[in-house]
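Asker: Dumping the structure here so I can ask a few things about it.
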Amino acid sequence: MTGFDRLSALDAAFLDIETERAPMQVGWTMRFAGEPPSLAQLRRHVELRLPGVPRLRRCIAQPALGIGDPHWVDDALFAIDRHVNEIQMIPSSVQPQLSSIAEELLSQPLDRSRPLWRLQLVTGLSDGSFAIIGQAHHALVDGLAAIEIATIIFDGVGAPDQPADATWLPADPPSTAEVLTAAALSRIGSSSDVATTLLRSLADGPGPIVEAVTALLSLFTPGQRTALENSASARRRAAFSSLPMEQMQEVAERGGVTVNDVLLAASGGAISAALARRGEQPDCIRVLVPAAVRRPGESAADHANRISIMVVELPLDANDPGRVLQTIGRRTKTLKRAGYAGTLDTAIRAADLLAPAVRSAVVRAAAAAAHFTVVISNVPGPSEPLSLIGRQLEGIWPAVPLVDGNALSIGAISHGSMLHVGCFADAALVPDVELIAADIEKTFEQLYQLPAQTAAPWQRRARQRRDASRVA
């Protein structure tokens, strides 16, 4: 055995909270221009890049009787044709939209006995393009890692580091003694890492930690539930929208907020309309906003999940989107100043100190007690043009998995000049997902049409200092 590849507490948590009606699978839909490659071409292209992400040829091993930690082991039966396949559409005037094809494929569960990913080449689309629809288990990737893994298939990215005729040989699985030794060493390392992080945080006083813990506890405070806080089945609906990044940045600059705040405000308008259609008009909802805490040098190849979350009270006021945006901006700034995401990341890594059975019980209890309406995730994607075997990528839309008890998620990925938004929903509970995607665009247009606000003197001075630092 060349090394022990252990699932972190956060990786394993996505296995713990998975249920039959809520599989924890991250998805993405990529549309390309031009003639599609052959399936043989695509398989060869992907296979040559697998050495860059070893876990794509590994499956999860659960130690017998809970002795030791879950870990990744090489799949001795790995074959590329189990993971890369093709769906051939028949071009016609009644062909379903790409989002409908995606929801059908993304509703299919992954086999836990195999490496937890899949790519489907979709050919024969009526507009002459082709697509690749991918899935990976959240235990394997977070949103940022999903993009990192997705982009290894592109030209000039993840180039093969071994000859084309090299033969991959699976490593032997670790022995029980090696599993136990690795678990002990990992806990020693985690203990030291967590202690160091806490000491650094306390050096700035207890205030940030207190604020972060207070914000986290709000996640478990009972509140008014909505029709979107339920689960019915593993069948999914998907809908896509796209927002121009230049206009997103303009709205953010005018309001003194971030692009992510603009996405939250646009999503809030769409959710407000969706709840109104269900006869509900809450003043606000609680949303989870994943935050990347990946350290320099950490990659998807070695660190699957490196995310924290912010719990944001999202106001719902369809009549005043400008006020909603300003309120969101103030709330997210407060959370960021408190170092909330970093403190929560420390707490998550502290879970590595617990025995697997205890950790699983804690995770399931926490998931059952948590109260939020929607996950809204925004992942920075590649800004440069990308191509696959010479075919240009036109767009990429994410599918954020639904936690059991939630019927809707909203994910976004920036690519080139657009922010691509994917709405993913329980098919039985959110049949109007296309309206939600359309309302995100509609609310954003309202935000874009708002008149520019006159900046206060202190805001103008802050902007001048920021612009000067950029020039320097």
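Just so we're on the same page: first chain in the structure tokens is A, next is B, and so on; residues restart at 1 for each chain, and ligands are numbered from 1 in the order they show up.
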For Ser409 of chain A, please output as a ChimeraX atom specification all residues within 6 Å (counting only C-alpha atoms; exclusion window: fewer than 3 positions along the same chain).
Answerer: /A:374-375,400,423-424
Asker: Could you name the residues that touch His137 of chain A at 10 Å or less, counting only C-alpha atoms, but leaving out those on the same chain fewer than 2 positions away, as a VMD selection string?
Answerer: chain A and resid 11 14 to 15 23 to 27 109 to 112 115 to 118 135 139 to 142 146 401
Asker: Write out, as a short mmCIF file (atom, residue, chain, number, x, y, z; two decimals), in the first residue's frame, the residues just selected, with N, CA and C atoms.
Answerer:
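The new file out-v4.cif reads:
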```cif
data_model
loop_
_atom_site.label_atom_id
_atom_site.label_comp_id
_atom_site.auth_asym_id
_atom_site.auth_seq_id
_atom_site.Cartn_x
_atom_site.Cartn_y
_atom_site.Cartn_z
N ASP A 11 -16.32 14.72 4.43
CA ASP A 11 -16.60 13.76 3.34
C ASP A 11 -17.60 12.72 3.81
N PHE A 14 -21.50 13.44 4.25
CA PHE A 14 -22.42 13.37 3.11
C PHE A 14 -22.90 11.94 2.86
N LEU A 15 -22.16 10.97 3.33
CA LEU A 15 -22.67 9.59 3.32
C LEU A 15 -23.68 9.40 4.45
N PRO A 23 -30.40 11.52 -2.39
CA PRO A 23 -29.01 11.13 -2.66
C PRO A 23 -28.11 12.36 -2.74
N MET A 24 -26.94 12.26 -2.16
CA MET A 24 -26.01 13.39 -2.10
C MET A 24 -25.10 13.40 -3.32
N GLN A 25 -25.66 13.71 -4.48
CA GLN A 25 -24.91 13.69 -5.73
C GLN A 25 -24.86 15.08 -6.35
N VAL A 26 -23.64 15.58 -6.55
CA VAL A 26 -23.43 16.84 -7.24
C VAL A 26 -23.53 16.58 -8.74
N GLY A 27 -24.18 17.48 -9.46
CA GLY A 27 -24.30 17.29 -10.91
C GLY A 27 -23.89 18.52 -11.67
N PRO A 109 -29.37 7.07 -9.35
CA PRO A 109 -28.39 7.00 -8.26
C PRO A 109 -27.06 6.39 -8.71
N LEU A 110 -26.01 6.77 -8.03
CA LEU A 110 -24.69 6.18 -8.25
C LEU A 110 -24.56 4.90 -7.45
N ASP A 111 -23.77 3.99 -7.94
CA ASP A 111 -23.52 2.71 -7.28
C ASP A 111 -22.38 2.87 -6.29
N ARG A 112 -22.67 2.71 -4.99
CA ARG A 112 -21.65 2.93 -3.95
C ARG A 112 -20.54 1.89 -4.00
N PRO A 115 -16.43 3.49 -8.06
CA PRO A 115 -16.06 4.90 -7.95
C PRO A 115 -17.28 5.78 -8.20
N LEU A 116 -17.42 6.83 -7.39
CA LEU A 116 -18.69 7.56 -7.31
C LEU A 116 -18.77 8.73 -8.28
N TRP A 117 -18.71 8.42 -9.57
CA TRP A 117 -18.87 9.46 -10.58
C TRP A 117 -19.33 8.84 -11.89
N ARG A 118 -19.86 9.71 -12.77
CA ARG A 118 -20.37 9.23 -14.04
C ARG A 118 -20.45 10.41 -15.01
N GLN A 135 -22.09 13.45 -12.93
CA GLN A 135 -22.47 13.29 -11.53
C GLN A 135 -21.25 12.86 -10.74
N ALA A 139 -19.43 13.06 -1.25
CA ALA A 139 -18.31 12.55 -0.47
C ALA A 139 -17.01 12.64 -1.25
N LEU A 140 -17.12 12.72 -2.57
CA LEU A 140 -15.95 12.80 -3.45
C LEU A 140 -15.56 14.24 -3.76
N VAL A 141 -16.55 15.12 -3.84
CA VAL A 141 -16.28 16.49 -4.27
C VAL A 141 -17.16 17.48 -3.53
N ASP A 142 -16.66 18.73 -3.36
CA ASP A 142 -17.52 19.85 -3.05
C ASP A 142 -17.72 20.61 -4.36
N ALA A 146 -15.81 19.85 -7.77
CA ALA A 146 -16.57 19.34 -8.90
C ALA A 146 -16.16 20.04 -10.18
N PRO A 401 -27.15 19.03 -4.69
CA PRO A 401 -28.02 18.00 -4.12
C PRO A 401 -28.94 18.54 -3.04
#
```
Asker: Find the residues around segment 379-396 of chain A up to 7 Å (only C-alpha atoms counted), leave out those fewer than 6 positions away in its own chain, and share them as JSON, numbers by chain.
Answerer: {"A": [28, 29, 30, 31, 32, 33, 34, 143, 144, 147, 153, 154, 155, 412, 413, 414, 415, 416, 420]}
Asker: Which residues come within 10 Å of segment 426-435 of chain A, counting only C-alpha atoms, excluding same-chain residues fewer than 5 positions away, as a ChimeraX atom specification?
Answerer: /A:21-22,99,103,107,227-241,270-271,273-274,277,402,406-409,440-441
Asker: Using N, CA and C atoms, can you export the residues from the last selection as an mmCIF file, in the first residue's frame?
Answerer:
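Saved the output as result31.cif:
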```cif
data_model
loop_
_atom_site.group_PDB
_atom_site.id
_atom_site.type_symbol
_atom_site.label_atom_id
_atom_site.label_comp_id
_atom_site.auth_asym_id
_atom_site.auth_seq_id
_atom_site.Cartn_x
_atom_site.Cartn_y
_atom_site.Cartn_z
ATOM 1 N N ARG A 21 -34.483 9.063 -0.655
ATOM 2 C CA ARG A 21 -35.123 10.141 -1.415
ATOM 3 C C ARG A 21 -34.252 11.395 -1.511
ATOM 4 N N ALA A 22 -33.072 11.359 -0.921
ATOM 5 C CA ALA A 22 -32.165 12.504 -0.989
ATOM 6 C C ALA A 22 -30.731 12.035 -1.190
ATOM 7 N N SER A 99 -32.413 20.637 -20.234
ATOM 8 C CA SER A 99 -32.664 20.533 -18.799
ATOM 9 C C SER A 99 -33.507 19.303 -18.474
ATOM 10 N N GLU A 103 -32.347 16.292 -16.006
ATOM 11 C CA GLU A 103 -33.046 15.850 -14.802
ATOM 12 C C GLU A 103 -33.301 14.349 -14.820
ATOM 13 N N SER A 107 -31.337 12.006 -11.935
ATOM 14 C CA SER A 107 -32.190 11.305 -10.980
ATOM 15 C C SER A 107 -31.733 9.876 -10.739
ATOM 16 N N ALA A 227 -43.546 25.432 2.321
ATOM 17 C CA ALA A 227 -43.850 24.284 1.468
ATOM 18 C C ALA A 227 -42.603 23.713 0.807
ATOM 19 N N LEU A 228 -41.514 24.481 0.789
ATOM 20 C CA LEU A 228 -40.279 24.003 0.175
ATOM 21 C C LEU A 228 -39.438 23.175 1.135
ATOM 22 N N GLU A 229 -39.881 23.038 2.379
ATOM 23 C CA GLU A 229 -39.138 22.257 3.370
ATOM 24 C C GLU A 229 -39.810 20.903 3.563
ATOM 25 N N ASN A 230 -39.629 20.063 2.548
ATOM 26 C CA ASN A 230 -40.232 18.742 2.542
ATOM 27 C C ASN A 230 -39.518 17.901 1.492
ATOM 28 N N SER A 231 -39.701 16.609 1.548
ATOM 29 C CA SER A 231 -39.163 15.690 0.541
ATOM 30 C C SER A 231 -40.234 14.675 0.193
ATOM 31 N N ALA A 232 -40.272 14.264 -1.072
ATOM 32 C CA ALA A 232 -41.252 13.267 -1.503
ATOM 33 C C ALA A 232 -40.602 12.088 -2.214
ATOM 34 N N SER A 233 -39.581 12.359 -3.032
ATOM 35 C CA SER A 233 -38.976 11.272 -3.799
ATOM 36 C C SER A 233 -37.593 11.687 -4.268
ATOM 37 N N ALA A 234 -36.885 10.739 -4.889
ATOM 38 C CA ALA A 234 -35.563 11.018 -5.463
ATOM 39 C C ALA A 234 -35.655 11.511 -6.898
ATOM 40 N N ARG A 235 -36.861 11.600 -7.448
ATOM 41 C CA ARG A 235 -37.027 12.135 -8.793
ATOM 42 C C ARG A 235 -36.764 13.635 -8.762
ATOM 43 N N ARG A 236 -36.045 14.124 -9.754
ATOM 44 C CA ARG A 236 -35.637 15.517 -9.768
ATOM 45 C C ARG A 236 -36.138 16.251 -11.012
ATOM 46 N N ARG A 237 -36.367 17.546 -10.837
ATOM 47 C CA ARG A 237 -36.615 18.467 -11.944
ATOM 48 C C ARG A 237 -35.453 19.450 -11.984
ATOM 49 N N ALA A 238 -35.151 19.925 -13.195
ATOM 50 C CA ALA A 238 -34.055 20.875 -13.360
ATOM 51 C C ALA A 238 -34.476 21.970 -14.331
ATOM 52 N N ALA A 239 -33.986 23.175 -14.086
ATOM 53 C CA ALA A 239 -34.225 24.298 -14.991
ATOM 54 C C ALA A 239 -33.002 25.199 -14.957
ATOM 55 N N PHE A 240 -32.712 25.817 -16.093
ATOM 56 C CA PHE A 240 -31.494 26.609 -16.238
ATOM 57 C C PHE A 240 -31.843 28.067 -16.530
ATOM 58 N N SER A 241 -30.977 28.959 -16.052
ATOM 59 C CA SER A 241 -31.016 30.359 -16.460
ATOM 60 C C SER A 241 -29.589 30.875 -16.504
ATOM 61 N N ALA A 270 -37.290 35.059 -6.692
ATOM 62 C CA ALA A 270 -37.881 33.872 -7.309
ATOM 63 C C ALA A 270 -38.537 32.964 -6.266
ATOM 64 N N ILE A 271 -37.878 32.817 -5.111
ATOM 65 C CA ILE A 271 -38.442 31.975 -4.046
ATOM 66 C C ILE A 271 -39.707 32.615 -3.486
ATOM 67 N N ALA A 273 -41.852 34.436 -5.102
ATOM 68 C CA ALA A 273 -42.928 34.175 -6.060
ATOM 69 C C ALA A 273 -43.391 32.724 -5.983
ATOM 70 N N ALA A 274 -42.437 31.798 -5.800
ATOM 71 C CA ALA A 274 -42.798 30.378 -5.712
ATOM 72 C C ALA A 274 -43.652 30.106 -4.479
ATOM 73 N N ARG A 277 -47.201 31.411 -4.939
ATOM 74 C CA ARG A 277 -48.038 30.491 -5.716
ATOM 75 C C ARG A 277 -48.591 29.375 -4.843
ATOM 76 N N LEU A 402 -30.106 17.877 -2.916
ATOM 77 C CA LEU A 402 -31.096 18.258 -1.916
ATOM 78 C C LEU A 402 -30.901 17.446 -0.653
ATOM 79 N N ASN A 406 -35.759 19.036 2.182
ATOM 80 C CA ASN A 406 -35.723 20.252 1.381
ATOM 81 C C ASN A 406 -36.030 19.914 -0.071
ATOM 82 N N ALA A 407 -36.803 20.784 -0.720
ATOM 83 C CA ALA A 407 -37.322 20.475 -2.048
ATOM 84 C C ALA A 407 -36.674 21.276 -3.166
ATOM 85 N N LEU A 408 -35.801 22.223 -2.851
ATOM 86 C CA LEU A 408 -35.227 23.092 -3.880
ATOM 87 C C LEU A 408 -33.805 23.479 -3.511
ATOM 88 N N SER A 409 -32.931 23.517 -4.507
ATOM 89 C CA SER A 409 -31.595 24.092 -4.353
ATOM 90 C C SER A 409 -31.312 24.963 -5.566
ATOM 91 N N ILE A 440 -35.737 34.157 -11.416
ATOM 92 C CA ILE A 440 -34.400 34.633 -11.035
ATOM 93 C C ILE A 440 -33.931 35.676 -12.046
ATOM 94 N N GLU A 441 -34.117 35.382 -13.328
ATOM 95 C CA GLU A 441 -33.738 36.345 -14.365
ATOM 96 C C GLU A 441 -34.588 37.614 -14.265
#
```
Asker: For segment 70-84 of chain A, find every residue with an atom within 6 Å (counting only C-alpha atoms), except residues of its own chain fewer than 6 positions away, and show them as a list in words.
Answerer: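 Listed by chain and then number, they are Asp5, Arg6, Leu7, Arg57, Arg58, Cys59, Ile60, Ala61, Gln62, Arg118, Leu119, Gln120, Pro170 and Pro173 of chain A.
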Asker: Just the strand (DSSP E) stuff from segment 233-292 of chain A, please, per backbone DSSP, written as a PyMOL selection string.
Answerer: chain A and resi 236-244+284-292
Asker: List the spatial neighbours of Leu314 of chain A as a ChimeraX atom specification - criterion: any atom at most 9 Å away, only C-alpha atoms, same-chain residues fewer than 3 positions off excluded.
Answerer: /A:264-265,268,283-287,324,327-328
Asker: Atom CA of Ser242 of chain A to atom CA of Ile101 of chain A: how many Å, to one decimal?
Answerer: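 Taking atom CA of Ser242 of chain A as the start and atom CA of Ile101 of chain A as the end point, the length is 18.1 Å.
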Asker: Nearest to Gly322 of chain A among A:Gln449, A:Gln247, A:Ser267, A:Thr221, with distances taken over only C-alpha atoms: which residue is it?
Answerer: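 Of all the options, A:Gln449 lies closest to Gly322 of chain A.
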Asker: Identify which of the residues A:Ala369, A:Val122, A:Gly128, A:Gly329 lies closest to Leu219 of chain A, counting only C-alpha atoms when measuring atom-to-atom distances.
Answerer: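 Ranked by minimum distance to Leu219 of chain A, first place goes to A:Ala369.
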Asker: Quick one, how far is atom CA of Lys442 of chain A from atom CA of Leu419 of chain A?
Answerer: 14.6 Å
